[in-house]
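J.: Structure supplied as protein.cif; contents: mmCIF, C-alpha atoms and all ligand atoms.
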```cif
data_data
loop_
_atom_site.label_atom_id
_atom_site.label_comp_id
_atom_site.auth_asym_id
_atom_site.auth_seq_id
_atom_site.Cartn_x
_atom_site.Cartn_y
_atom_site.Cartn_z
CA MET Y 187 -8.28 -12.09 -23.73
CA SER Y 188 -6.80 -8.59 -23.39
CA HIS Y 189 -4.90 -7.61 -20.26
CA GLY Y 190 -7.63 -5.12 -19.27
CA LEU Y 191 -10.38 -7.69 -19.69
CA HIS Y 192 -8.38 -10.18 -17.65
CA ILE Y 193 -8.20 -7.66 -14.78
CA PHE Y 194 -11.94 -6.98 -15.08
CA ARG Y 195 -12.66 -10.68 -14.93
CA ASN Y 196 -10.46 -11.15 -11.84
CA CYS Y 197 -12.01 -8.20 -10.07
CA PHE Y 198 -15.52 -9.26 -10.96
CA LYS Y 199 -14.84 -12.81 -9.77
CA ALA Y 200 -13.53 -11.36 -6.50
CA LEU Y 201 -16.68 -9.28 -6.14
CA LEU Y 202 -18.93 -12.27 -6.62
CA SER Y 203 -16.99 -14.53 -4.29
CA ARG Y 204 -16.89 -12.22 -1.28
CA PRO Y 205 -19.61 -11.65 1.26
CA SER Y 206 -18.74 -7.96 1.34
CA VAL Y 207 -19.69 -7.57 -2.32
CA LEU Y 208 -21.04 -4.10 -3.09
CA LYS Y 209 -24.32 -4.49 -4.89
CA THR Y 210 -25.53 -0.96 -5.35
CA MET Y 211 -24.07 2.38 -6.27
CA SER Y 212 -25.20 3.85 -2.96
CA GLU Y 213 -23.29 1.16 -1.05
CA LEU Y 214 -20.21 2.03 -3.06
CA ALA Y 215 -20.67 5.72 -2.31
CA GLU Y 216 -21.13 4.98 1.37
CA LYS Y 217 -17.96 2.88 1.42
CA ARG Y 218 -16.07 5.75 -0.19
CA ARG Y 219 -17.43 8.16 2.37
CA LYS Y 220 -16.13 5.93 5.16
CA ASP Y 221 -12.77 5.65 3.43
CA GLY Y 222 -12.34 9.39 3.72
CA GLY Y 223 -13.93 10.51 0.50
CA VAL Y 224 -10.76 10.46 -1.57
CA VAL Y 225 -11.88 10.41 -5.17
CA VAL Y 226 -9.34 10.17 -7.96
CA SER Y 227 -11.56 11.09 -10.85
CA PRO Y 228 -15.25 11.65 -11.46
CA ASN Y 229 -14.93 9.09 -14.24
CA LEU Y 230 -13.85 6.34 -11.86
CA GLY Y 231 -17.22 5.71 -10.32
CA GLY Y 232 -17.73 2.17 -11.52
CA LEU Y 233 -20.80 1.32 -13.52
CA PHE Y 234 -23.82 -0.82 -13.04
CA GLY Y 235 -25.35 -2.09 -16.24
CA ASP Y 236 -28.91 -3.21 -16.79
CA THR Y 237 -28.18 -6.41 -14.89
CA GLU Y 238 -26.80 -4.49 -11.88
CA GLU Y 239 -23.40 -6.08 -12.40
CA PHE Y 240 -20.62 -3.86 -11.08
CA VAL Y 241 -17.94 -3.00 -13.62
CA ASN Y 242 -14.62 -2.02 -12.09
CA GLU Y 243 -13.64 0.87 -14.33
CA TYR Y 244 -10.09 2.07 -14.70
CA GLU Y 245 -8.32 5.12 -15.98
CA VAL Y 246 -4.67 5.93 -16.60
CA GLN Y 247 -3.75 9.26 -15.08
CA GLU Y 248 -0.57 11.29 -15.14
CA LEU Y 249 0.40 12.01 -11.55
CA ASP Y 250 3.11 14.40 -10.41
CA ILE Y 251 4.98 12.67 -7.61
CA ALA Y 252 7.65 14.91 -6.08
CA GLY Y 253 8.31 16.59 -9.40
CA THR Y 254 8.17 13.56 -11.69
CA VAL Y 255 5.09 12.76 -13.77
CA LEU Y 256 4.21 9.06 -13.82
CA LYS Y 257 1.42 7.22 -15.61
CA ILE Y 258 -0.65 5.25 -13.13
CA ARG Y 259 -3.65 3.03 -13.80
CA GLN Y 260 -6.24 3.37 -11.09
CA PHE Y 261 -9.47 1.41 -10.65
CA SER Y 262 -12.78 2.48 -9.22
CA TRP Y 263 -12.76 -0.22 -6.53
CA HIS Y 264 -10.67 -2.72 -4.62
CA GLU Y 265 -11.75 -4.73 -1.61
CA ALA Y 266 -9.00 -3.15 0.55
CA ASN Y 267 -8.71 0.26 -1.17
CA ALA Y 268 -5.69 -0.71 -3.28
CA ASN Y 269 -7.38 0.65 -6.39
CA LYS Y 270 -5.88 4.13 -6.37
CA VAL Y 271 -3.10 6.40 -5.21
CA TRP Y 272 -3.69 7.87 -1.75
CA PRO Y 273 -2.39 11.27 -0.61
CA GLY Y 274 0.28 9.82 1.68
CA THR Y 275 2.15 8.57 -1.38
CA PHE Y 276 3.08 12.14 -2.32
CA THR Y 277 4.22 13.21 1.12
CA LEU Y 278 6.22 10.05 1.73
CA ALA Y 279 7.92 10.41 -1.64
CA GLU Y 280 8.89 13.99 -0.77
CA TYR Y 281 10.25 12.96 2.62
CA ILE Y 282 12.34 10.12 1.20
CA VAL Y 283 13.76 12.35 -1.55
CA GLU Y 284 14.85 14.83 1.12
CA HIS Y 285 16.58 12.02 3.04
CA MET Y 286 17.88 10.03 0.13
CA ASP Y 287 21.24 9.30 1.76
CA THR Y 288 19.54 7.24 4.44
CA TYR Y 289 17.45 5.19 2.05
CA ARG Y 290 19.86 4.77 -0.84
CA SER Y 291 21.98 2.38 1.19
CA GLY Y 292 19.02 0.40 2.53
CA SER Y 293 16.77 -2.36 1.29
CA LEU Y 294 13.13 -1.31 1.41
CA LEU Y 295 9.86 -3.20 1.72
CA GLU Y 296 6.67 -1.27 0.98
CA LEU Y 297 3.55 -2.50 2.77
CA GLY Y 298 0.19 -1.74 1.17
CA ALA Y 299 1.82 -0.75 -2.12
CA ALA Y 300 -1.52 -0.71 -3.97
CA THR Y 301 -0.92 0.78 -7.45
CA GLY Y 302 2.87 0.63 -6.98
CA ALA Y 303 3.16 4.40 -7.56
CA LEU Y 304 5.56 5.03 -4.67
CA ALA Y 305 7.80 2.06 -5.51
CA LEU Y 306 7.77 3.09 -9.15
CA PHE Y 307 8.86 6.59 -8.17
CA LEU Y 308 11.65 5.27 -5.93
CA ARG Y 309 12.91 3.04 -8.76
CA LEU Y 310 13.37 5.98 -11.13
CA PRO Y 311 16.95 6.04 -12.46
CA GLN Y 312 17.81 9.14 -10.44
CA TYR Y 313 16.94 7.33 -7.17
CA ASN Y 314 17.14 3.64 -8.04
CA LEU Y 315 16.33 2.47 -4.52
CA ASN Y 316 16.40 -1.19 -3.62
CA ILE Y 317 12.69 -1.78 -2.97
CA ILE Y 318 10.16 -4.54 -3.23
CA THR Y 319 6.41 -4.21 -2.90
CA SER Y 320 3.91 -6.07 -0.78
CA ASP Y 321 0.14 -5.99 -0.40
CA ILE Y 322 -2.79 -8.07 0.77
CA ASP Y 323 -3.07 -11.57 -0.67
CA ASP Y 324 -5.96 -10.98 -3.10
CA GLY Y 325 -5.18 -13.60 -5.69
CA GLY Y 326 -2.92 -11.43 -7.81
CA VAL Y 327 -5.13 -8.41 -8.54
CA VAL Y 328 -2.84 -5.83 -6.89
CA GLN Y 329 0.30 -7.53 -8.17
CA GLU Y 330 -0.98 -7.42 -11.73
CA ASN Y 331 -1.78 -3.72 -11.54
CA ILE Y 332 1.64 -2.90 -10.10
CA ALA Y 333 3.30 -4.81 -12.95
CA HIS Y 334 1.05 -2.98 -15.40
CA ASN Y 335 2.03 0.41 -13.96
CA PHE Y 336 5.75 -0.34 -14.16
CA ALA Y 337 5.30 -1.39 -17.79
CA LEU Y 338 3.30 1.79 -18.53
CA ASN Y 339 6.35 3.79 -17.47
CA ASN Y 340 8.80 1.55 -19.35
CA MET Y 341 10.39 0.29 -16.18
CA ALA Y 342 11.26 -3.21 -15.04
CA CYS Y 343 8.93 -4.34 -12.28
CA VAL Y 344 10.25 -5.00 -8.78
CA PRO Y 345 9.48 -8.26 -6.94
CA HIS Y 346 6.11 -8.32 -5.19
CA VAL Y 347 5.12 -10.31 -2.10
CA GLU Y 348 1.47 -11.13 -1.52
CA HIS Y 349 1.13 -11.02 2.24
CA THR Y 350 -1.83 -10.31 4.48
CA TRP Y 351 -0.73 -8.76 7.76
CA GLY Y 352 -0.48 -11.21 10.62
CA GLU Y 353 -0.16 -14.22 8.35
CA PRO Y 354 3.10 -16.19 8.20
CA TRP Y 355 5.67 -14.40 6.03
CA PRO Y 356 6.41 -16.32 2.78
CA GLU Y 357 10.12 -16.88 3.51
CA GLN Y 358 10.57 -18.95 0.37
CA ARG Y 359 9.52 -15.92 -1.74
CA VAL Y 360 11.76 -13.34 -0.02
CA PRO Y 361 13.41 -13.93 3.37
CA ALA Y 362 12.11 -11.58 6.08
CA PHE Y 363 15.67 -10.59 7.01
CA SER Y 364 16.07 -8.86 3.63
CA PHE Y 365 14.82 -5.43 4.69
CA THR Y 366 16.38 -2.54 6.58
CA HIS Y 367 13.46 -0.14 6.11
CA ILE Y 368 9.74 -0.85 5.98
CA ILE Y 369 7.75 1.95 4.33
CA ALA Y 370 4.02 2.54 3.92
CA SER Y 371 1.60 5.33 3.11
CA ASP Y 372 -1.98 5.67 4.31
CA ILE Y 373 -2.34 2.17 5.72
CA LEU Y 374 -4.06 2.96 9.04
CA LEU Y 375 -7.63 2.86 7.74
CA TYR Y 376 -8.24 -0.61 9.09
CA VAL Y 377 -8.63 -0.56 12.87
CA LYS Y 378 -9.43 -4.26 13.07
CA ALA Y 379 -6.18 -5.02 11.28
CA TYR Y 380 -3.97 -3.05 13.73
CA PRO Y 381 -3.01 -6.12 15.81
CA ALA Y 382 -2.08 -8.04 12.65
CA LEU Y 383 -0.16 -5.06 11.23
CA VAL Y 384 1.82 -4.64 14.45
CA ALA Y 385 2.50 -8.40 14.50
CA THR Y 386 3.92 -8.18 10.97
CA LEU Y 387 6.09 -5.18 11.90
CA ASP Y 388 7.27 -7.01 15.03
CA MET Y 389 8.24 -10.01 12.89
CA LEU Y 390 10.09 -7.84 10.35
CA PHE Y 391 12.02 -6.01 13.09
CA ARG Y 392 12.95 -9.30 14.75
CA ALA Y 393 14.28 -10.37 11.36
CA GLY Y 394 16.45 -7.25 11.10
CA ALA Y 395 14.43 -4.20 9.99
CA ARG Y 396 15.62 -0.96 11.58
CA GLU Y 397 12.86 1.52 10.73
CA PHE Y 398 9.19 1.66 9.84
CA LEU Y 399 8.56 4.90 7.94
CA MET Y 400 4.92 5.76 7.49
CA SER Y 401 2.93 8.71 6.11
CA TRP Y 402 -0.42 9.38 7.71
CA ASN Y 403 -2.24 12.70 7.88
CA ARG Y 404 -5.77 11.67 8.78
CA ARG Y 405 -7.40 12.56 12.05
CA LEU Y 406 -9.26 9.31 12.64
CA SER Y 407 -10.31 8.65 16.21
CA SER Y 408 -8.76 5.20 15.90
CA THR Y 409 -5.27 6.40 15.00
CA PRO Y 410 -4.02 6.64 18.63
CA LEU Y 411 -4.86 2.95 19.03
CA PHE Y 412 -2.22 2.08 16.46
CA PHE Y 413 0.40 4.23 18.17
CA ALA Y 414 -0.51 2.69 21.54
CA ARG Y 415 -0.15 -0.83 20.12
CA MET Y 416 3.20 0.06 18.59
CA GLN Y 417 4.38 1.51 21.90
CA ALA Y 418 3.25 -1.62 23.74
CA ALA Y 419 5.30 -3.67 21.26
CA GLY Y 420 8.40 -1.61 22.13
CA PHE Y 421 8.43 0.80 19.19
CA ILE Y 422 9.34 4.47 19.57
CA ALA Y 423 7.53 6.90 17.27
CA GLU Y 424 9.02 10.13 15.97
CA ALA Y 425 6.84 12.68 14.17
CA LEU Y 426 8.64 14.12 11.14
CA PRO Y 427 7.82 16.76 8.51
CA HIS Y 428 5.34 15.93 5.72
CA CYS Y 429 3.05 14.02 8.15
CA VAL Y 430 5.57 11.21 8.25
CA TYR Y 431 6.30 9.02 11.29
CA SER Y 432 9.42 7.02 11.91
CA PHE Y 433 9.18 4.02 14.21
CA THR Y 434 12.29 2.39 15.60
CA ARG Y 435 12.82 -0.27 18.23
CA PRO Y 436 16.25 0.01 19.80
CA THR Y 437 15.87 -3.12 21.90
CA THR Y 438 14.96 -5.52 19.09
CA ARG Y 439 18.44 -6.80 18.49
CA ASN Y 440 19.28 -6.99 22.21
CA ALA Y 441 16.09 -8.92 22.83
CA GLU Y 442 17.05 -11.37 20.12
CA ALA Y 443 20.65 -11.76 21.29
C1 LIG D 1 -5.60 3.20 1.72
S1 LIG D 1 -4.66 2.07 0.77
C2 LIG D 1 -3.12 2.95 0.55
C3 LIG D 1 -2.42 2.49 -0.67
C4 LIG D 1 -1.07 3.13 -0.99
N1 LIG D 1 -0.12 2.91 0.08
C5 LIG D 1 -1.22 4.60 -1.27
O1 LIG D 1 -0.88 5.44 -0.40
O2 LIG D 1 -1.66 4.96 -2.36
C6 LIG D 1 -4.19 0.84 2.00
C7 LIG D 1 -3.38 -0.32 1.46
O3 LIG D 1 -3.20 -1.29 2.50
C8 LIG D 1 -3.48 -2.59 1.99
N2 LIG D 1 -4.03 -3.44 3.07
C9 LIG D 1 -5.19 -3.26 3.73
N3 LIG D 1 -5.39 -4.25 4.61
C10 LIG D 1 -4.33 -5.08 4.50
C11 LIG D 1 -3.98 -6.30 5.16
N4 LIG D 1 -4.77 -6.85 6.09
N5 LIG D 1 -2.82 -6.90 4.80
C12 LIG D 1 -2.02 -6.34 3.85
N6 LIG D 1 -2.31 -5.19 3.20
C13 LIG D 1 -3.45 -4.57 3.52
C14 LIG D 1 -4.52 -2.34 0.92
O4 LIG D 1 -4.64 -3.41 0.01
C15 LIG D 1 -4.03 -1.05 0.31
O5 LIG D 1 -3.08 -1.27 -0.69
#
```
Take the structure in this file and express it as structure tokens.

T.:
Amino acid sequence: MSHGLHIFRNCFKALLSRPSVLKTMSELAEKRRKDGGVVVSPNLGGLFGDTEEFVNEYEVQELDIAGTVLKIRQFSWHEANANKVWPGTFTLAEYIVEHMDTYRSGSLLELGAATGALALFLRLPQYNLNIITSDIDDGGVVQENIAHNFALNNMACVPHVEHTWGEPWPEQRVPAFSFTHIIASDILLYVKAYPALVATLDMLFRAGAREFLMSWNRRLSSTPLFFARMQAAGFIAEALPHCVYSFTRPTTRNAEA
């Protein structure tokens, strides 16, 4: 079975096995509207055949990320929106490039890496950052697409950790103390997941992380809830250019001592 067909089969199996399965095109359109209406290509609509079976279409696009064109395979659908590149990827890439000295010496973990586009960019020879990717535990769908995208650009893939926020961290895969900087773009869509996301960040900071760097430029009414939760957990937020926020927690190490 070809690689593409294997992905289709995995995605289709996931669709059938989940109660949130999208059965009609209008449901898909409505979900997109709620996600903010970001559409990568008119071709990536997904198809329903005669039997009404959803086909998760994909397309390889050339995306200019902070001045470098990368080939990225994007799908029409993923249960948690990991199918495509979101706008925050571009702004976070620009911010990190402008502050390369800070991040070159660190070890980075990307949460919600989705297509892997940002990690791929940060692994380019001219940056070569020490980064690993992470995303929701979806049985390998995201991980496979990230590996595919690294291969498309003739680059060796970075390690990937399947981890759903709030769940125990898989220490045996990569110890939680491995990271100095946690990065993420556009991951505040999920209000119900805020407590779990903050719990994961709390765990990573207790293990040694020094900064959570996040791009977010949406004006969702729920966004302040995330900032309030972070503040309650002892984090200090700093708004930076490019719609980027830096969270630090000066007391983490003292609290642990
Ligand atoms: C809107 S997408 C952004 C993707 C990517 N960062 C970008 O900017 O292109 C949000 C990402 O968060 C991940 N995510 C959502 N809920 C999650 C959860 N509960 N645990 C871990 N990851 C989650 C999704 O799988 C997806 O990759």

J.: Using only C-alpha atoms and all ligand atoms, which protein or nucleic acid residues are at most 6 Å from ligand LIG 1 (chain D), as a ChimeraX atom specification?

T.: /Y:266-268,270-272,274-275,298-300,321-322,349-351,370-373,379

J.: Which is closer to Ala382 (chain Y) than all the others in Y:Val328, Y:Ala303, Y:Leu406, Y:Phe412, using only C-alpha atoms?

T.: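 For Ala382 (chain Y), the nearest of the candidates is Y:Phe412.
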
J.: Would you mind telling me which residue in Y:Asn269, Y:Pro381, Y:Asn314, Y:Leu304 lies nearest to Tyr281 (chain Y) when using all atoms listed in the file?

T.: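 When distances to Tyr281 (chain Y) are compared using all atoms listed in the file, the smallest one comes from Y:Leu304.
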
J.: When distances are computed from only C-alpha atoms, which of Y:Met416, Y:Leu390, Y:Trp402, Y:Pro410 shows the smallest separation from Leu278 (chain Y)?

T.: Y:Trp402

J.: Just checking: using all atoms listed in the file, which residue out of Y:Glu265, Y:Ala395, Y:Val283, Y:Glu238 ends up closest to Ile251 (chain Y)?

T.: Y:Val283

J.: Please determine an axis-aligned box that encloses all atoms of region 391-406 of chain Y listed in the file, with 4 Å added on each side, and express its centre and edge lengths in Å to one decimal as AutoDock Vina command-line options.

T.:
```
--center_x 3.6 --center_y 1.2 --center_z 10.4 --size_x 33.7 --size_y 31.1 --size_z 16.6
```

J.: Within 10 Å of Arg359 (chain Y), counting only C-alpha atoms, which residues qualify if same-chain residues fewer than 3 places away don't, as a ChimeraX atom specification?

T.: /Y:345-348,355-356,362

J.: Using only C-alpha atoms, which of Y:His264, Y:Phe433, Y:Asn335, Y:Gly292 sits nearest Leu249 (chain Y)?

T.: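 Nearest to Leu249 (chain Y): Y:Asn335.
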
J.: Smallest atom-to-atom distance to Ser320 (chain Y): which of Y:Ala279, Y:Thr386, Y:Arg259, Y:Tyr376, using all atoms listed in the file?

T.: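 Closest candidate: Y:Thr386.
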
J.: Taking the point (14.4, -3.2, -3.0) as given in the file, collect each protein or nucleic acid residue that comes within 9 Å of it, counting all atoms listed in the file, and present the set as a ChimeraX atom specification.

T.: /Y:292-296,305,309,314-319,344-345,364-365

J.: What's the separation between CA of Leu374 (chain Y) and CA of Pro361 (chain Y), in Å to one decimal place?

T.: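 For CA of Leu374 (chain Y) relative to CA of Pro361 (chain Y), the distance reads 25.0 Å.
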
J.: Could you check how far CA of Thr366 (chain Y) sits from CA of Ala337 (chain Y), in Å to one decimal?

T.: 26.8 Å

J.: For Glu424 (chain Y), find every residue with an atom within 9 Å (counting all atoms listed in the file), except residues of its own chain fewer than 3 positions away, and show them as an NGL selection string.

T.: :Y and (430-434)

J.: What lies within 12 Å of Thr437 (chain Y) using all atoms listed in the file, ignoring chain neighbours under 5 positions off, as a list in words?

T.: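 Counting only the stated atoms, we get Asp388, Phe391, Arg392, Gly394, Arg396, Ala419, Gly420, Phe421, Ile422, Glu442 and Ala443 of chain Y.
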
J.: What is the CA of Leu256 (chain Y)-CA of Val360 (chain Y) distance in Å, reported with one decimal?

T.: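 Pair CA of Leu256 (chain Y) / CA of Val360 (chain Y) returns 27.4 Å.
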
J.: Find the residues around His334 (chain Y) up to 10 Å (only C-alpha atoms counted), leave out those fewer than 3 positions away in its own chain, and share them as a PyMOL selection string.

T.: chain Y and resi 189-190+258-259+301-302+328-331+337-341+343

J.: Regenerate region 338-366 of chain Y at the level of N, CA and C atoms and dump it as a PDB file, in the frame of the given file.

T.:
```pdb
ATOM      1  N   LEU Y 338       3.789   0.530 -17.952  1.00  0.00           N
ATOM      2  CA  LEU Y 338       3.300   1.790 -18.530  1.00  0.00           C
ATOM      3  C   LEU Y 338       4.388   2.859 -18.551  1.00  0.00           C
ATOM      4  N   ASN Y 339       5.289   2.788 -17.582  1.00  0.00           N
ATOM      5  CA  ASN Y 339       6.350   3.790 -17.470  1.00  0.00           C
ATOM      6  C   ASN Y 339       7.688   3.253 -17.978  1.00  0.00           C
ATOM      7  N   ASN Y 340       7.603   2.159 -18.746  1.00  0.00           N
ATOM      8  CA  ASN Y 340       8.800   1.550 -19.350  1.00  0.00           C
ATOM      9  C   ASN Y 340       9.869   1.200 -18.343  1.00  0.00           C
ATOM     10  N   MET Y 341       9.424   0.677 -17.209  1.00  0.00           N
ATOM     11  CA  MET Y 341      10.390   0.290 -16.180  1.00  0.00           C
ATOM     12  C   MET Y 341      10.203  -1.174 -15.811  1.00  0.00           C
ATOM     13  N   ALA Y 342      11.313  -1.810 -15.455  1.00  0.00           N
ATOM     14  CA  ALA Y 342      11.260  -3.210 -15.040  1.00  0.00           C
ATOM     15  C   ALA Y 342      10.602  -3.295 -13.671  1.00  0.00           C
ATOM     16  N   CYS Y 343       9.677  -4.219 -13.534  1.00  0.00           N
ATOM     17  CA  CYS Y 343       8.930  -4.340 -12.280  1.00  0.00           C
ATOM     18  C   CYS Y 343       9.814  -4.883 -11.164  1.00  0.00           C
ATOM     19  N   VAL Y 344       9.528  -4.468  -9.940  1.00  0.00           N
ATOM     20  CA  VAL Y 344      10.250  -5.000  -8.780  1.00  0.00           C
ATOM     21  C   VAL Y 344       9.512  -6.246  -8.281  1.00  0.00           C
ATOM     22  N   PRO Y 345      10.177  -7.095  -7.496  1.00  0.00           N
ATOM     23  CA  PRO Y 345       9.480  -8.260  -6.940  1.00  0.00           C
ATOM     24  C   PRO Y 345       8.317  -7.801  -6.046  1.00  0.00           C
ATOM     25  N   HIS Y 346       7.277  -8.625  -6.018  1.00  0.00           N
ATOM     26  CA  HIS Y 346       6.110  -8.320  -5.190  1.00  0.00           C
ATOM     27  C   HIS Y 346       5.809  -9.522  -4.299  1.00  0.00           C
ATOM     28  N   VAL Y 347       5.479  -9.244  -3.038  1.00  0.00           N
ATOM     29  CA  VAL Y 347       5.120 -10.310  -2.100  1.00  0.00           C
ATOM     30  C   VAL Y 347       3.654 -10.133  -1.709  1.00  0.00           C
ATOM     31  N   GLU Y 348       2.859 -11.149  -1.996  1.00  0.00           N
ATOM     32  CA  GLU Y 348       1.470 -11.130  -1.520  1.00  0.00           C
ATOM     33  C   GLU Y 348       1.480 -11.582  -0.069  1.00  0.00           C
ATOM     34  N   HIS Y 349       1.091 -10.686   0.810  1.00  0.00           N
ATOM     35  CA  HIS Y 349       1.130 -11.020   2.240  1.00  0.00           C
ATOM     36  C   HIS Y 349       0.056 -10.235   2.980  1.00  0.00           C
ATOM     37  N   THR Y 350      -0.820 -10.939   3.635  1.00  0.00           N
ATOM     38  CA  THR Y 350      -1.830 -10.310   4.480  1.00  0.00           C
ATOM     39  C   THR Y 350      -1.268 -10.206   5.886  1.00  0.00           C
ATOM     40  N   TRP Y 351      -1.334  -9.011   6.448  1.00  0.00           N
ATOM     41  CA  TRP Y 351      -0.730  -8.760   7.760  1.00  0.00           C
ATOM     42  C   TRP Y 351      -1.158  -9.824   8.774  1.00  0.00           C
ATOM     43  N   GLY Y 352      -0.197 -10.235   9.574  1.00  0.00           N
ATOM     44  CA  GLY Y 352      -0.480 -11.210  10.620  1.00  0.00           C
ATOM     45  C   GLY Y 352      -0.336 -12.646  10.176  1.00  0.00           C
ATOM     46  N   GLU Y 353      -0.343 -12.859   8.869  1.00  0.00           N
ATOM     47  CA  GLU Y 353      -0.160 -14.220   8.350  1.00  0.00           C
ATOM     48  C   GLU Y 353       1.334 -14.549   8.334  1.00  0.00           C
ATOM     49  N   PRO Y 354       1.675 -15.840   8.285  1.00  0.00           N
ATOM     50  CA  PRO Y 354       3.100 -16.190   8.200  1.00  0.00           C
ATOM     51  C   PRO Y 354       3.749 -15.540   6.975  1.00  0.00           C
ATOM     52  N   TRP Y 355       4.955 -15.039   7.135  1.00  0.00           N
ATOM     53  CA  TRP Y 355       5.670 -14.400   6.030  1.00  0.00           C
ATOM     54  C   TRP Y 355       6.161 -15.485   5.060  1.00  0.00           C
ATOM     55  N   PRO Y 356       5.971 -15.303   3.754  1.00  0.00           N
ATOM     56  CA  PRO Y 356       6.410 -16.320   2.780  1.00  0.00           C
ATOM     57  C   PRO Y 356       7.936 -16.283   2.583  1.00  0.00           C
ATOM     58  N   GLU Y 357       8.647 -16.903   3.507  1.00  0.00           N
ATOM     59  CA  GLU Y 357      10.120 -16.880   3.510  1.00  0.00           C
ATOM     60  C   GLU Y 357      10.711 -17.376   2.193  1.00  0.00           C
ATOM     61  N   GLN Y 358      10.031 -18.364   1.600  1.00  0.00           N
ATOM     62  CA  GLN Y 358      10.570 -18.950   0.370  1.00  0.00           C
ATOM     63  C   GLN Y 358      10.523 -17.954  -0.784  1.00  0.00           C
ATOM     64  N   ARG Y 359       9.637 -16.959  -0.686  1.00  0.00           N
ATOM     65  CA  ARG Y 359       9.520 -15.920  -1.740  1.00  0.00           C
ATOM     66  C   ARG Y 359      10.632 -14.893  -1.554  1.00  0.00           C
ATOM     67  N   VAL Y 360      10.693 -14.291  -0.386  1.00  0.00           N
ATOM     68  CA  VAL Y 360      11.760 -13.340  -0.020  1.00  0.00           C
ATOM     69  C   VAL Y 360      11.984 -13.481   1.484  1.00  0.00           C
ATOM     70  N   PRO Y 361      13.191 -13.784   1.932  1.00  0.00           N
ATOM     71  CA  PRO Y 361      13.410 -13.930   3.370  1.00  0.00           C
ATOM     72  C   PRO Y 361      13.105 -12.632   4.122  1.00  0.00           C
ATOM     73  N   ALA Y 362      12.509 -12.763   5.305  1.00  0.00           N
ATOM     74  CA  ALA Y 362      12.110 -11.580   6.080  1.00  0.00           C
ATOM     75  C   ALA Y 362      13.316 -10.755   6.525  1.00  0.00           C
ATOM     76  N   PHE Y 363      14.499 -11.354   6.556  1.00  0.00           N
ATOM     77  CA  PHE Y 363      15.670 -10.590   7.010  1.00  0.00           C
ATOM     78  C   PHE Y 363      16.201  -9.644   5.923  1.00  0.00           C
ATOM     79  N   SER Y 364      15.539  -9.603   4.777  1.00  0.00           N
ATOM     80  CA  SER Y 364      16.070  -8.860   3.630  1.00  0.00           C
ATOM     81  C   SER Y 364      15.935  -7.341   3.741  1.00  0.00           C
ATOM     82  N   PHE Y 365      15.183  -6.846   4.723  1.00  0.00           N
ATOM     83  CA  PHE Y 365      14.820  -5.430   4.690  1.00  0.00           C
ATOM     84  C   PHE Y 365      15.381  -4.626   5.855  1.00  0.00           C
ATOM     85  N   THR Y 366      15.933  -3.454   5.521  1.00  0.00           N
ATOM     86  CA  THR Y 366      16.380  -2.540   6.580  1.00  0.00           C
ATOM     87  C   THR Y 366      15.285  -1.524   6.915  1.00  0.00           C
TER      88      THR Y 366
END
```
